[in-house]
file data_8.txt (compact mmCIF, C-alpha atoms and all ligand atoms)
# COMPACT_ATOMS: atom_id res chain seq x y z
CA MET A 1 0.14 -12.33 -16.37
CA ARG A 2 -2.76 -13.17 -14.11
CA VAL A 3 -4.33 -10.17 -12.38
CA VAL A 4 -6.60 -10.29 -9.34
CA TYR A 5 -9.24 -7.55 -9.13
CA SER A 6 -12.39 -7.00 -7.07
CA PRO A 7 -15.10 -4.42 -7.84
CA ALA A 8 -15.71 -4.16 -4.07
CA HIS A 9 -13.27 -1.23 -4.03
CA LEU A 10 -15.94 0.88 -5.78
CA GLY A 11 -17.84 1.01 -2.47
CA HIS A 12 -14.93 2.87 -0.90
CA GLU A 13 -15.51 6.08 -2.84
CA ILE A 14 -13.99 9.10 -1.16
CA VAL A 15 -14.91 12.64 -2.16
CA SER A 16 -12.63 14.70 0.02
CA GLU A 17 -9.79 14.35 2.50
CA THR A 18 -8.43 16.80 5.05
CA VAL A 19 -4.90 18.14 4.75
CA MET A 20 -3.67 20.56 7.39
CA GLY A 21 -7.23 21.28 8.44
CA ARG A 22 -8.53 22.04 4.96
CA PRO A 23 -10.78 19.72 2.95
CA ILE A 24 -9.33 18.98 -0.49
CA PRO A 25 -10.61 16.75 -3.31
CA ALA A 26 -9.62 13.18 -2.46
CA ASN A 27 -6.57 11.67 -4.15
CA GLU A 28 -7.21 8.02 -3.35
CA VAL A 29 -10.33 7.56 -5.50
CA ALA A 30 -11.92 4.57 -7.22
CA GLU A 31 -10.96 5.90 -10.66
CA ARG A 32 -7.34 4.96 -9.89
CA ALA A 33 -7.95 1.24 -9.89
CA GLU A 34 -10.35 1.50 -12.83
CA ARG A 35 -7.71 3.26 -14.92
CA ILE A 36 -5.27 0.44 -14.24
CA ARG A 37 -7.88 -2.24 -14.92
CA SER A 38 -8.81 -0.63 -18.26
CA ALA A 39 -5.21 -0.36 -19.42
CA LEU A 40 -4.43 -3.98 -18.55
CA GLU A 41 -7.59 -5.22 -20.26
CA ALA A 42 -6.77 -3.21 -23.38
CA ASP A 43 -3.26 -4.66 -23.49
CA GLY A 44 -4.55 -8.17 -24.09
CA GLY A 45 -1.68 -9.81 -22.21
CA PHE A 46 -3.31 -9.79 -18.78
CA ALA A 47 -6.03 -12.16 -17.54
CA LEU A 48 -8.28 -10.69 -14.84
CA GLU A 49 -9.97 -12.82 -12.20
CA GLY A 50 -11.78 -12.23 -8.93
CA PRO A 51 -10.38 -12.98 -5.47
CA THR A 52 -11.37 -15.93 -3.29
CA GLU A 53 -12.40 -15.32 0.32
CA HIS A 54 -9.71 -16.20 2.83
CA GLY A 55 -11.51 -15.35 6.06
CA GLU A 56 -10.19 -13.40 9.02
CA GLU A 57 -7.37 -15.69 10.19
CA PRO A 58 -4.60 -14.46 7.83
CA LEU A 59 -5.65 -10.86 8.54
CA ALA A 60 -5.57 -11.38 12.32
CA ALA A 61 -2.09 -12.88 11.94
CA VAL A 62 -0.89 -9.35 11.17
CA HIS A 63 -3.44 -6.93 12.66
CA ASP A 64 -4.83 -6.30 16.15
CA PRO A 65 -8.31 -7.88 16.30
CA GLY A 66 -9.47 -4.63 17.93
CA LEU A 67 -8.55 -2.68 14.79
CA ILE A 68 -10.45 -5.18 12.65
CA ARG A 69 -13.56 -4.90 14.87
CA PHE A 70 -13.35 -1.10 14.90
CA LEU A 71 -13.17 -0.85 11.11
CA GLU A 72 -16.00 -3.37 10.74
CA THR A 73 -18.38 -1.44 13.00
CA ALA A 74 -17.22 2.20 12.76
CA PHE A 75 -19.45 3.57 10.03
CA ALA A 76 -22.60 1.90 11.36
CA GLN A 77 -21.85 3.23 14.87
CA MET A 78 -21.43 6.75 13.50
CA ARG A 79 -24.87 6.49 11.90
CA ALA A 80 -26.32 4.99 15.09
CA GLU A 81 -24.99 7.99 17.04
CA GLY A 82 -26.94 10.19 14.64
CA VAL A 83 -23.82 11.78 13.16
CA ASP A 84 -24.83 12.86 9.67
CA ARG A 85 -21.49 13.13 7.87
CA PRO A 86 -20.52 11.52 4.57
CA ALA A 87 -17.43 9.96 6.17
CA LEU A 88 -15.99 9.21 9.60
CA MET A 89 -12.87 11.09 10.64
CA PRO A 90 -11.21 11.10 14.05
CA GLU A 91 -11.48 14.06 16.39
CA GLY A 92 -8.72 13.53 18.97
CA PHE A 93 -5.73 11.22 18.73
CA ASN A 94 -4.08 8.73 21.07
CA VAL A 95 -0.73 10.50 20.73
CA ARG A 96 2.53 9.38 22.30
CA GLY A 97 2.73 12.05 25.00
CA LEU A 98 -0.79 11.60 26.31
CA THR A 99 0.15 8.67 28.51
CA GLU A 100 3.88 9.25 28.82
CA GLY A 101 5.07 7.47 31.96
CA MET A 102 1.63 5.93 32.47
CA THR A 103 0.09 2.56 31.73
CA PRO A 104 -1.26 2.85 28.16
CA ILE A 105 -4.96 3.55 27.84
CA GLY A 106 -7.53 1.34 26.15
CA GLU A 107 -9.99 2.08 23.35
CA PRO A 108 -12.80 4.44 24.41
CA ARG A 109 -15.98 2.45 24.94
CA GLN A 110 -18.42 4.88 23.36
CA ALA A 111 -17.94 8.01 21.22
CA ILE A 112 -17.12 7.04 17.65
CA SER A 113 -14.89 10.09 17.09
CA GLY A 114 -12.81 8.99 20.06
CA ARG A 115 -12.67 5.37 18.92
CA ALA A 116 -11.51 6.53 15.49
CA GLY A 117 -8.72 8.63 16.98
CA TYR A 118 -7.58 5.67 19.08
CA TRP A 119 -6.78 3.66 15.94
CA ALA A 120 -6.11 6.36 13.33
CA LEU A 121 -2.80 7.82 12.22
CA ASP A 122 -4.13 10.90 10.45
CA THR A 123 -7.12 12.80 9.04
CA SER A 124 -6.56 11.75 5.43
CA THR A 125 -8.28 8.37 5.68
CA PRO A 126 -12.07 8.77 5.77
CA ILE A 127 -14.25 5.75 6.49
CA VAL A 128 -17.41 5.49 4.37
CA ALA A 129 -20.15 2.86 4.26
CA GLY A 130 -18.24 0.58 1.89
CA SER A 131 -14.74 1.00 3.32
CA TYR A 132 -14.57 -2.15 5.43
CA VAL A 133 -15.88 -4.44 2.68
CA ALA A 134 -13.43 -2.86 0.22
CA ALA A 135 -10.52 -3.21 2.64
CA ARG A 136 -11.34 -6.87 3.30
CA ALA A 137 -11.61 -7.47 -0.46
CA ALA A 138 -8.18 -5.87 -1.00
CA VAL A 139 -6.73 -8.35 1.51
CA ASP A 140 -8.42 -11.20 -0.37
CA VAL A 141 -6.99 -9.82 -3.61
CA ALA A 142 -3.50 -9.94 -2.06
CA LEU A 143 -3.97 -13.45 -0.65
CA THR A 144 -5.36 -14.76 -3.95
CA THR A 145 -2.31 -13.30 -5.70
CA VAL A 146 -0.17 -15.25 -3.21
CA ASP A 147 -2.14 -18.42 -4.03
CA LEU A 148 -1.45 -17.96 -7.74
CA VAL A 149 2.27 -17.56 -7.19
CA LEU A 150 2.59 -20.41 -4.69
CA GLY A 151 0.53 -22.44 -7.15
CA GLY A 152 3.19 -22.06 -9.82
CA GLU A 153 2.83 -18.65 -11.49
CA GLY A 154 6.16 -16.88 -11.90
CA ALA A 155 4.50 -13.55 -11.20
CA ALA A 156 0.99 -12.29 -10.49
CA TYR A 157 -0.46 -8.85 -9.82
CA GLY A 158 -3.06 -7.92 -7.21
CA LEU A 159 -4.87 -4.69 -8.01
CA CYS A 160 -5.38 -3.84 -4.35
CA ARG A 161 -7.49 -0.83 -3.42
CA PRO A 162 -7.51 0.63 -0.81
CA PRO A 163 -3.71 0.42 -0.55
CA GLY A 164 -2.05 -1.00 2.55
CA HIS A 165 1.54 -0.13 3.42
CA HIS A 166 0.82 2.67 5.92
CA ALA A 167 -1.39 0.39 8.05
CA ALA A 168 0.52 -0.88 11.10
CA ARG A 169 -0.53 -3.72 13.38
CA SER A 170 -2.90 -1.49 15.36
CA VAL A 171 -3.13 1.63 13.16
CA TYR A 172 -4.99 2.66 10.01
CA GLY A 173 -4.08 5.77 8.01
CA GLY A 174 -2.43 7.13 4.89
CA TYR A 175 -5.41 5.89 2.80
CA CYS A 176 -4.74 2.37 4.17
CA PHE A 177 -6.84 0.14 6.44
CA PHE A 178 -5.20 -3.28 6.28
CA ASN A 179 -1.62 -3.92 5.19
CA ASN A 180 -2.19 -6.08 2.12
CA ALA A 181 1.54 -6.67 1.49
CA ALA A 182 2.23 -7.60 5.11
CA VAL A 183 -0.69 -10.05 5.18
CA ALA A 184 0.64 -11.56 1.95
CA ALA A 185 4.21 -11.84 3.26
CA GLU A 186 3.05 -13.43 6.52
CA ALA A 187 0.94 -15.95 4.60
CA ILE A 188 3.95 -16.85 2.44
CA VAL A 189 6.18 -17.35 5.50
CA ARG A 190 3.58 -19.58 7.17
CA THR A 191 2.91 -21.62 4.03
CA THR A 192 6.45 -22.10 2.74
CA GLY A 193 8.60 -21.78 5.87
CA GLU A 194 10.94 -19.68 3.75
CA ARG A 195 12.18 -16.17 4.30
CA VAL A 196 10.32 -13.50 2.36
CA ALA A 197 11.45 -10.11 1.09
CA ILE A 198 9.20 -7.10 0.54
CA LEU A 199 10.35 -4.44 -1.91
CA ASP A 200 8.41 -1.19 -1.49
CA VAL A 201 8.69 1.13 -4.48
CA ASP A 202 5.83 3.43 -3.57
CA TYR A 203 6.87 7.09 -3.23
CA HIS A 204 6.10 6.98 0.49
CA HIS A 205 7.78 4.95 3.19
CA GLY A 206 5.69 1.94 4.18
CA ASN A 207 5.72 2.68 7.91
CA GLY A 208 3.13 0.00 8.59
CA THR A 209 5.13 -2.76 6.93
CA GLU A 210 8.26 -1.64 8.76
CA GLN A 211 6.45 -1.70 12.12
CA ILE A 212 4.83 -5.09 11.57
CA PHE A 213 8.13 -6.83 10.73
CA TRP A 214 10.47 -4.63 12.85
CA ARG A 215 11.59 -7.51 15.10
CA ARG A 216 11.36 -10.22 12.48
CA GLY A 217 14.42 -11.73 10.85
CA ASP A 218 12.41 -13.85 8.44
CA VAL A 219 10.90 -10.91 6.53
CA LEU A 220 13.22 -8.38 4.87
CA TYR A 221 11.66 -4.98 4.23
CA ALA A 222 13.45 -2.77 1.67
CA SER A 223 11.95 0.59 0.72
CA ILE A 224 12.89 3.43 -1.63
CA HIS A 225 10.93 6.55 -0.73
CA ALA A 226 10.80 10.29 -0.16
CA ASP A 227 12.86 11.43 2.82
CA PRO A 228 10.41 11.52 5.77
CA ASP A 229 11.95 14.78 6.96
CA ARG A 230 10.00 16.41 4.11
CA GLN A 231 7.22 13.93 3.37
CA TYR A 232 4.53 11.74 4.83
CA PRO A 233 4.66 9.56 6.94
CA TYR A 234 7.16 11.95 8.64
CA TYR A 235 7.87 9.85 11.74
CA LEU A 236 9.38 6.77 10.10
CA GLY A 237 11.48 5.97 7.03
CA ARG A 238 14.98 7.11 7.99
CA ALA A 239 18.11 5.29 6.91
CA ASP A 240 19.13 4.45 10.48
CA GLU A 241 15.96 2.38 11.05
CA VAL A 242 17.43 -1.10 10.60
CA GLY A 243 15.17 -3.25 12.80
CA GLU A 244 15.70 -4.56 16.31
CA GLY A 245 16.26 -7.91 17.97
CA ALA A 246 15.95 -10.78 15.49
CA GLY A 247 14.94 -8.17 12.90
CA ARG A 248 18.13 -6.17 13.16
CA GLY A 249 19.51 -5.78 9.63
CA ALA A 250 16.23 -6.90 8.01
CA ASN A 251 14.98 -3.35 7.41
CA LEU A 252 16.53 -1.22 4.68
CA ASN A 253 15.33 2.36 4.16
CA LEU A 254 16.60 4.35 1.19
CA PRO A 255 15.25 7.92 1.58
CA MET A 256 15.51 10.00 -1.58
CA PRO A 257 15.71 13.73 -2.33
CA ARG A 258 13.14 15.98 -4.01
CA GLY A 259 13.39 15.71 -7.79
CA THR A 260 14.84 12.16 -7.79
CA THR A 261 15.57 11.24 -11.44
CA ASN A 262 15.29 7.93 -13.26
CA GLU A 263 19.07 7.49 -12.95
CA GLN A 264 19.18 8.20 -9.21
CA TYR A 265 16.24 5.92 -8.70
CA LEU A 266 17.81 2.98 -10.52
CA VAL A 267 20.96 3.29 -8.39
CA ALA A 268 18.82 3.02 -5.24
CA LEU A 269 16.85 0.16 -6.77
CA ASP A 270 20.02 -1.81 -7.41
CA ARG A 271 21.02 -1.32 -3.76
CA ALA A 272 17.68 -2.68 -2.60
CA LEU A 273 17.85 -5.60 -5.03
CA GLU A 274 21.36 -6.45 -3.81
CA ALA A 275 20.10 -6.61 -0.24
CA ILE A 276 17.22 -8.86 -1.32
CA ALA A 277 19.54 -11.11 -3.34
CA ALA A 278 21.67 -11.58 -0.21
CA THR A 279 18.72 -13.17 1.65
CA SER A 280 17.30 -16.62 1.08
CA GLY A 281 13.76 -17.24 -0.14
CA SER A 282 12.06 -17.76 -3.47
CA VAL A 283 9.21 -15.23 -3.31
CA LEU A 284 9.38 -11.43 -3.41
CA VAL A 285 6.40 -9.25 -2.49
CA VAL A 286 6.39 -5.91 -4.28
CA SER A 287 4.53 -2.89 -2.86
CA LEU A 288 4.03 -1.10 -6.15
CA GLY A 289 3.29 2.62 -6.21
CA PHE A 290 3.29 5.15 -9.01
CA ASP A 291 3.34 8.31 -6.92
CA THR A 292 7.04 8.40 -7.91
CA TYR A 293 5.82 9.62 -11.32
CA GLY A 294 6.95 13.09 -12.40
CA HIS A 295 3.42 14.52 -12.61
CA ASP A 296 2.11 13.01 -9.39
CA PRO A 297 0.13 15.60 -7.39
CA ILE A 298 1.48 14.29 -4.04
CA GLY A 299 5.00 13.21 -4.95
CA ASP A 300 8.06 15.21 -5.99
CA PHE A 301 10.15 12.63 -7.88
CA ALA A 302 10.72 12.91 -11.64
CA LEU A 303 10.26 9.34 -12.87
CA THR A 304 8.88 8.59 -16.34
CA THR A 305 6.75 5.79 -17.75
CA ASP A 306 9.80 4.35 -19.53
CA VAL A 307 11.69 3.78 -16.28
CA TYR A 308 8.84 1.73 -14.81
CA HIS A 309 9.41 -0.86 -17.53
CA GLU A 310 13.10 -0.96 -16.57
CA VAL A 311 12.28 -1.19 -12.84
CA GLY A 312 9.97 -4.14 -13.51
CA ARG A 313 12.65 -5.79 -15.64
CA ARG A 314 15.34 -5.39 -12.96
CA VAL A 315 13.07 -6.66 -10.18
CA ALA A 316 12.23 -9.76 -12.25
CA SER A 317 15.93 -10.32 -13.03
CA LEU A 318 16.38 -11.39 -9.37
CA GLY A 319 14.81 -14.66 -10.48
CA ARG A 320 12.28 -14.77 -7.63
CA ARG A 321 8.58 -15.41 -7.99
CA LEU A 322 6.77 -12.08 -7.72
CA VAL A 323 3.65 -11.20 -5.73
CA ILE A 324 3.05 -7.67 -7.02
CA LEU A 325 0.51 -5.61 -5.05
CA GLN A 326 -0.79 -2.15 -5.87
CA GLU A 327 -0.20 0.65 -3.38
CA GLY A 328 -0.36 4.39 -4.30
CA GLY A 329 -0.09 6.57 -7.41
CA TYR A 330 -2.33 9.61 -7.89
CA TYR A 331 -1.75 11.11 -11.33
CA ARG A 332 -4.71 9.32 -12.80
CA PRO A 333 -4.20 9.95 -16.56
CA ALA A 334 -0.90 7.99 -16.55
CA LEU A 335 -1.69 5.27 -13.99
CA GLY A 336 -2.77 2.71 -16.55
CA ALA A 337 0.24 3.26 -18.80
CA ASN A 338 2.62 3.17 -15.84
CA ALA A 339 1.22 -0.06 -14.39
CA ARG A 340 1.19 -1.68 -17.82
CA ALA A 341 4.82 -0.68 -18.47
CA TRP A 342 5.98 -2.00 -15.06
CA LEU A 343 4.20 -5.32 -15.38
CA ARG A 344 5.32 -5.85 -18.98
CA GLY A 345 8.88 -5.22 -17.82
CA ALA A 346 8.46 -7.77 -15.04
CA GLU A 347 7.19 -10.32 -17.55
CA GLY A 348 10.03 -9.75 -19.99
CA ARG A 349 7.72 -8.30 -22.61
CA PRO A 350 8.97 -5.30 -24.63
CA HIS A 351 8.16 -1.75 -23.65
CA ASP A 352 5.43 -0.63 -26.02
CA PRO A 353 4.22 2.75 -24.82
CA LEU A 354 0.65 3.68 -25.68
CA PRO A 355 -1.38 6.77 -24.90
CA ALA A 356 -3.06 6.55 -21.49
CA ALA A 357 -6.33 4.59 -21.70
CA GLY A 358 -9.62 6.33 -21.02
CA PHE A 359 -11.54 5.84 -17.81
CA THR A 360 -14.57 3.60 -17.76
CA ALA A 361 -16.39 2.79 -14.55
CA ALA A 362 -16.76 -0.92 -13.78
CA GLY A 363 -20.12 -2.23 -14.87
CA THR A 364 -20.56 0.53 -17.43
CA ALA A 365 -20.33 -0.15 -21.12
CA GLY A 366 -17.87 1.77 -23.24
ZN ZN A 401 2.41 6.53 -1.68

call {"tool": "encode", "arguments": {"input": "data_8.txt", "output": "structure tokens", "more": "lines below"}}
Ligand SMILES: [Zn+2]
result
Amino acid sequence: MRVVYSPAHLGHEIVSETVMGRPIPANEVAERAERIRSALEADGGFALEGPTEHGEEPLAAVHDPGLIRFLETAFAQMRAEGVDRPALMPEGFNVRGLTEGMTPIGEPRQAISGRAGYWALDTSTPIVAGSYVAARAAVDVALTTVDLVLGGEGAAYGLCRPPGHHAARSVYGGYCFFNNAAVAAEAIVRTTGERVAILDVDYHHGNGTEQIFWRRGDVLYASIHADPDRQYPYYLGRADEVGEGAGRGANLNLPMPRGTTNEQYLVALDRALEAIAATSGSVLVVSLGFDTYGHDPIGDFALTTDVYHEVGRRVASLGRRLVILQEGGYYRPALGANARAWLRGAEGRPHDPLPAAGFTAAGTAG
């Protein structure tokens, strides 16, 4: 399988994030993608290549140009204001009740902490010097993966980092800046004229993808995730969110309980695959996360490496061409083995579990 990877993600290195007011060691770190890259290289069955630049147009087809400009300029503005912090985090937020009954406000013209809060969803998504370049590269990784599949590959994998599915049209957050899967799906719709389905198997609900395609009948979004009553992103992901207008019926949320087992998961997967099979279209975008793994420090599901091979196999059995894009997954020692198992399953190769591969930084020998 062809794999698209960019070392630009290494510039988005996060040391800490803030959860409920307390700084904790960051979960969404560069080592994640490097673990996966190492495991796929060691397998021998995956061919890595760099992305090609696709410019801003496909990104602006999905995201508010104001969000793009903010992310492009935010870190430099923070430095220009003389704020000496390792990363930019919002101070206040543009919350729903602030302008209830009023004409919505615009982006603040000056203070960077206010600008950040205008676009941000949370305090867990720091912006560092290399974040924008990394986020743009992740979009190019996704779009290059689309090119491979529309060019004839049956399946291709984009090792996107930072992830994307929490980013809405005008919102960044949840470790995400641009919605790589949504940009990919939109590009497929525009190129092929076909309907497209997105299957989101990350542990979290992809609130951004849901929002972007909420009123769209040509993009089906199906997600299996932790019940938002107990887990991030809290405000979206419930089963009664089915889309509106032309998009009514094109949004399927399958919230799952704490401790979800392999067996429970596969039942939900089959439901999602049934819904996808009932729609037309030849390409499926997969938002692939491994925070469903039993040892994940954020998640509370109980999935094993073996089931990822089976999930990949069942997804491929739909017979659609697969654009597989990396989202979350935070138990770093098993990330490589889990990604390898999933992708081998999707390719119809046998499950051949190996010990988790060691971490080597890109550009470092050994
Ligand atoms: Zn996640």

call {"tool": "closest_residue", "arguments": {"input": "data_8.txt", "among": "A:Tyr265, A:Tyr232, A:Tyr175, A:Tyr308", "to": "Arg344 of chain A", "atoms": "all atoms listed in the file"}}
result
A:Tyr308

call {"tool": "closest_atom_pairs", "arguments": {"input": "data_8.txt", "of": "segment 50-161 of chain A", "to": "segment 317-331 of chain A", "cutoff": "10 Å", "atoms": "only C-alpha atoms", "output": "JSON lines"}}
result
{"residue": "A:Ala138", "atom": "CA", "partner": "A:Leu325", "partner_atom": "CA", "distance": 9.6}
{"residue": "A:Val141", "atom": "CA", "partner": "A:Leu325", "partner_atom": "CA", "distance": 8.7}
{"residue": "A:Ala142", "atom": "CA", "partner": "A:Leu325", "partner_atom": "CA", "distance": 6.6}
{"residue": "A:Leu143", "atom": "CA", "partner": "A:Val323", "partner_atom": "CA", "distance": 9.4}
{"residue": "A:Thr144", "atom": "CA", "partner": "A:Val323", "partner_atom": "CA", "distance": 9.8}
{"residue": "A:Thr145", "atom": "CA", "partner": "A:Val323", "partner_atom": "CA", "distance": 6.3}
{"residue": "A:Val146", "atom": "CA", "partner": "A:Val323", "partner_atom": "CA", "distance": 6.1}
{"residue": "A:Asp147", "atom": "CA", "partner": "A:Val323", "partner_atom": "CA", "distance": 9.4}
{"residue": "A:Leu148", "atom": "CA", "partner": "A:Val323", "partner_atom": "CA", "distance": 8.7}
{"residue": "A:Val149", "atom": "CA", "partner": "A:Val323", "partner_atom": "CA", "distance": 6.7}
{"residue": "A:Leu150", "atom": "CA", "partner": "A:Arg321", "partner_atom": "CA", "distance": 8.5}
{"residue": "A:Gly152", "atom": "CA", "partner": "A:Arg321", "partner_atom": "CA", "distance": 8.8}
{"residue": "A:Glu153", "atom": "CA", "partner": "A:Arg321", "partner_atom": "CA", "distance": 7.5}
{"residue": "A:Gly154", "atom": "CA", "partner": "A:Arg321", "partner_atom": "CA", "distance": 4.8}
{"residue": "A:Ala155", "atom": "CA", "partner": "A:Leu322", "partner_atom": "CA", "distance": 4.4}
{"residue": "A:Ala156", "atom": "CA", "partner": "A:Val323", "partner_atom": "CA", "distance": 5.6}
{"residue": "A:Tyr157", "atom": "CA", "partner": "A:Ile324", "partner_atom": "CA", "distance": 4.6}
{"residue": "A:Gly158", "atom": "CA", "partner": "A:Leu325", "partner_atom": "CA", "distance": 4.8}
{"residue": "A:Leu159", "atom": "CA", "partner": "A:Gln326", "partner_atom": "CA", "distance": 5.3}
{"residue": "A:Cys160", "atom": "CA", "partner": "A:Gln326", "partner_atom": "CA", "distance": 5.1}
{"residue": "A:Arg161", "atom": "CA", "partner": "A:Gln326", "partner_atom": "CA", "distance": 7.3}

call {"tool": "write_last_selection", "arguments": {"input": "data_8.txt", "atoms": "C-alpha atoms", "output": "mmCIF file, keeping the file's coordinate frame"}}
result
data_model
loop_
_atom_site.group_PDB
_atom_site.id
_atom_site.type_symbol
_atom_site.label_atom_id
_atom_site.label_comp_id
_atom_site.auth_asym_id
_atom_site.auth_seq_id
_atom_site.Cartn_x
_atom_site.Cartn_y
_atom_site.Cartn_z
ATOM 1 C CA ALA A 138 -8.180 -5.870 -1.000
ATOM 2 C CA VAL A 141 -6.990 -9.820 -3.610
ATOM 3 C CA ALA A 142 -3.500 -9.940 -2.060
ATOM 4 C CA LEU A 143 -3.970 -13.450 -0.650
ATOM 5 C CA THR A 144 -5.360 -14.760 -3.950
ATOM 6 C CA THR A 145 -2.310 -13.300 -5.700
ATOM 7 C CA VAL A 146 -0.170 -15.250 -3.210
ATOM 8 C CA ASP A 147 -2.140 -18.420 -4.030
ATOM 9 C CA LEU A 148 -1.450 -17.960 -7.740
ATOM 10 C CA VAL A 149 2.270 -17.560 -7.190
ATOM 11 C CA LEU A 150 2.590 -20.410 -4.690
ATOM 12 C CA GLY A 152 3.190 -22.060 -9.820
ATOM 13 C CA GLU A 153 2.830 -18.650 -11.490
ATOM 14 C CA GLY A 154 6.160 -16.880 -11.900
ATOM 15 C CA ALA A 155 4.500 -13.550 -11.200
ATOM 16 C CA ALA A 156 0.990 -12.290 -10.490
ATOM 17 C CA TYR A 157 -0.460 -8.850 -9.820
ATOM 18 C CA GLY A 158 -3.060 -7.920 -7.210
ATOM 19 C CA LEU A 159 -4.870 -4.690 -8.010
ATOM 20 C CA CYS A 160 -5.380 -3.840 -4.350
ATOM 21 C CA ARG A 161 -7.490 -0.830 -3.420
#

call {"tool": "residues_near_ligand", "arguments": {"input": "data_8.txt", "ligand": "ligand ZN 401 (chain A)", "cutoff": "10 Å", "atoms": "only C-alpha atoms and all ligand atoms", "output": "ChimeraX atom specification"}}
result
/A:28,163-166,174-175,200-206,225-226,232-233,287-292,298-299,327-330

call {"tool": "atom_distance", "arguments": {"input": "data_8.txt", "atom1": "atom CA of Gly294 of chain A", "atom2": "atom CA of Ala33 of chain A"}}
result
19.2 Å

call {"tool": "atom_distance", "arguments": {"input": "data_8.txt", "atom1": "atom CA of Pro86 of chain A", "atom2": "atom CA of Asp140 of chain A"}}
result
26.2 Å

call {"tool": "closest_residue", "arguments": {"input": "data_8.txt", "among": "A:Leu71, A:Glu17, A:Val95, A:Thr261", "to": "Ser124 of chain A", "atoms": "only C-alpha atoms"}}
result
A:Glu17

call {"tool": "closest_atom_pairs", "arguments": {"input": "data_8.txt", "of": "segment 16-97 of chain A", "to": "segment 345-350 of chain A", "cutoff": "12 Å", "atoms": "all atoms listed in the file", "output": "CSV"}}
result
residue,atom,partner,partner_atom,distance
A:Asp43,CA,A:Arg349,CA,11.6
A:Gly45,CA,A:Arg349,CA,9.5
A:Phe46,CA,A:Glu347,CA,10.6

call {"tool": "closest_atom_pairs", "arguments": {"input": "data_8.txt", "of": "segment 110-200 of chain A", "to": "segment 77-82 of chain A", "cutoff": "9 Å", "atoms": "all atoms listed in the file", "output": "Markdown table"}}
result
| residue | atom | partner | partner_atom | distance |
| --- | --- | --- | --- | --- |
| A:Ala111 | CA | A:Glu81 | CA | 8.2 |
| A:Ile112 | CA | A:Met78 | CA | 6.0 |
| A:Ser113 | CA | A:Met78 | CA | 8.2 |

call {"tool": "atom_distance", "arguments": {"input": "data_8.txt", "atom1": "atom CA of Ile198 of chain A", "atom2": "atom CA of Ala337 of chain A"}}
result
23.7 Å

call {"tool": "residues_around", "arguments": {"input": "data_8.txt", "residues": "Asn179 of chain A", "least_positions_apart": "6", "cutoff": "9 Å", "atoms": "all atoms listed in the file", "output": "ChimeraX atom specification"}}
result
/A:59,62-63,139,163-169,172,208-209

call {"tool": "closest_residue", "arguments": {"input": "data_8.txt", "among": "A:Ala30, A:Pro333, A:Thr305, A:Ile188", "to": "Ala61 of chain A", "atoms": "only C-alpha atoms"}}
result
A:Ile188

call {"tool": "closest_residue", "arguments": {"input": "data_8.txt", "among": "A:Asn338, A:Gln231, A:Thr125, A:Ser170", "to": "Glu107 of chain A", "atoms": "all atoms listed in the file"}}
result
A:Ser170

call {"tool": "residues_around", "arguments": {"input": "data_8.txt", "residues": "Pro228 of chain A", "least_positions_apart": "5", "cutoff": "10 Å", "atoms": "all atoms listed in the file", "output": "PyMOL selection string"}}
result
chain A and resi 204-205+233-239+255-257

call {"tool": "closest_residue", "arguments": {"input": "data_8.txt", "among": "A:Ile276, A:Asp64, A:His9, A:Glu72", "to": "Ile212 of chain A", "atoms": "all atoms listed in the file"}}
result
A:Asp64

call {"tool": "residues_near_point", "arguments": {"input": "data_8.txt", "point": "(-10.2, 2.0, 23.7)", "cutoff": "10 Å", "atoms": "all atoms listed in the file", "output": "mmCIF file with C-alpha atoms, in the frame of the given file"}}
result
data_model
loop_
_atom_site.group_PDB
_atom_site.id
_atom_site.type_symbol
_atom_site.label_atom_id
_atom_site.label_comp_id
_atom_site.auth_asym_id
_atom_site.auth_seq_id
_atom_site.Cartn_x
_atom_site.Cartn_y
_atom_site.Cartn_z
ATOM 1 C CA GLY A 66 -9.470 -4.630 17.930
ATOM 2 C CA PHE A 70 -13.350 -1.100 14.900
ATOM 3 C CA ASN A 94 -4.080 8.730 21.070
ATOM 4 C CA ILE A 105 -4.960 3.550 27.840
ATOM 5 C CA GLY A 106 -7.530 1.340 26.150
ATOM 6 C CA GLU A 107 -9.990 2.080 23.350
ATOM 7 C CA PRO A 108 -12.800 4.440 24.410
ATOM 8 C CA ARG A 109 -15.980 2.450 24.940
ATOM 9 C CA GLN A 110 -18.420 4.880 23.360
ATOM 10 C CA GLY A 114 -12.810 8.990 20.060
ATOM 11 C CA ARG A 115 -12.670 5.370 18.920
ATOM 12 C CA ALA A 116 -11.510 6.530 15.490
ATOM 13 C CA GLY A 117 -8.720 8.630 16.980
ATOM 14 C CA TYR A 118 -7.580 5.670 19.080
ATOM 15 C CA TRP A 119 -6.780 3.660 15.940
#

call {"tool": "residues_near_point", "arguments": {"input": "data_8.txt", "point": "(-9.4, 15.6, 3.4)", "cutoff": "6 Å", "atoms": "all atoms listed in the file", "output": "PyMOL selection string"}}
result
chain A and resi 16-19+23-24+124

call {"tool": "closest_residue", "arguments": {"input": "data_8.txt", "among": "A:Ala302, A:Val286, A:Ala277, A:Leu98", "to": "Gln264 of chain A", "atoms": "only C-alpha atoms"}}
result
A:Ala302

call {"tool": "residues_around", "arguments": {"input": "data_8.txt", "residues": "Ile36 of chain A", "least_positions_apart": "3", "cutoff": "7 Å", "atoms": "only C-alpha atoms", "output": "list in words"}}
result
Arg32, Ala33, Ala39, Leu40, Leu335, Gly336 and Ala339 of chain A

call {"tool": "residues_around", "arguments": {"input": "data_8.txt", "residues": "Val196 of chain A", "least_positions_apart": "6", "cutoff": "9 Å", "atoms": "all atoms listed in the file", "output": "number ranges by chain"}}
result
A: 185-186, 188-189, 218-221, 279-285
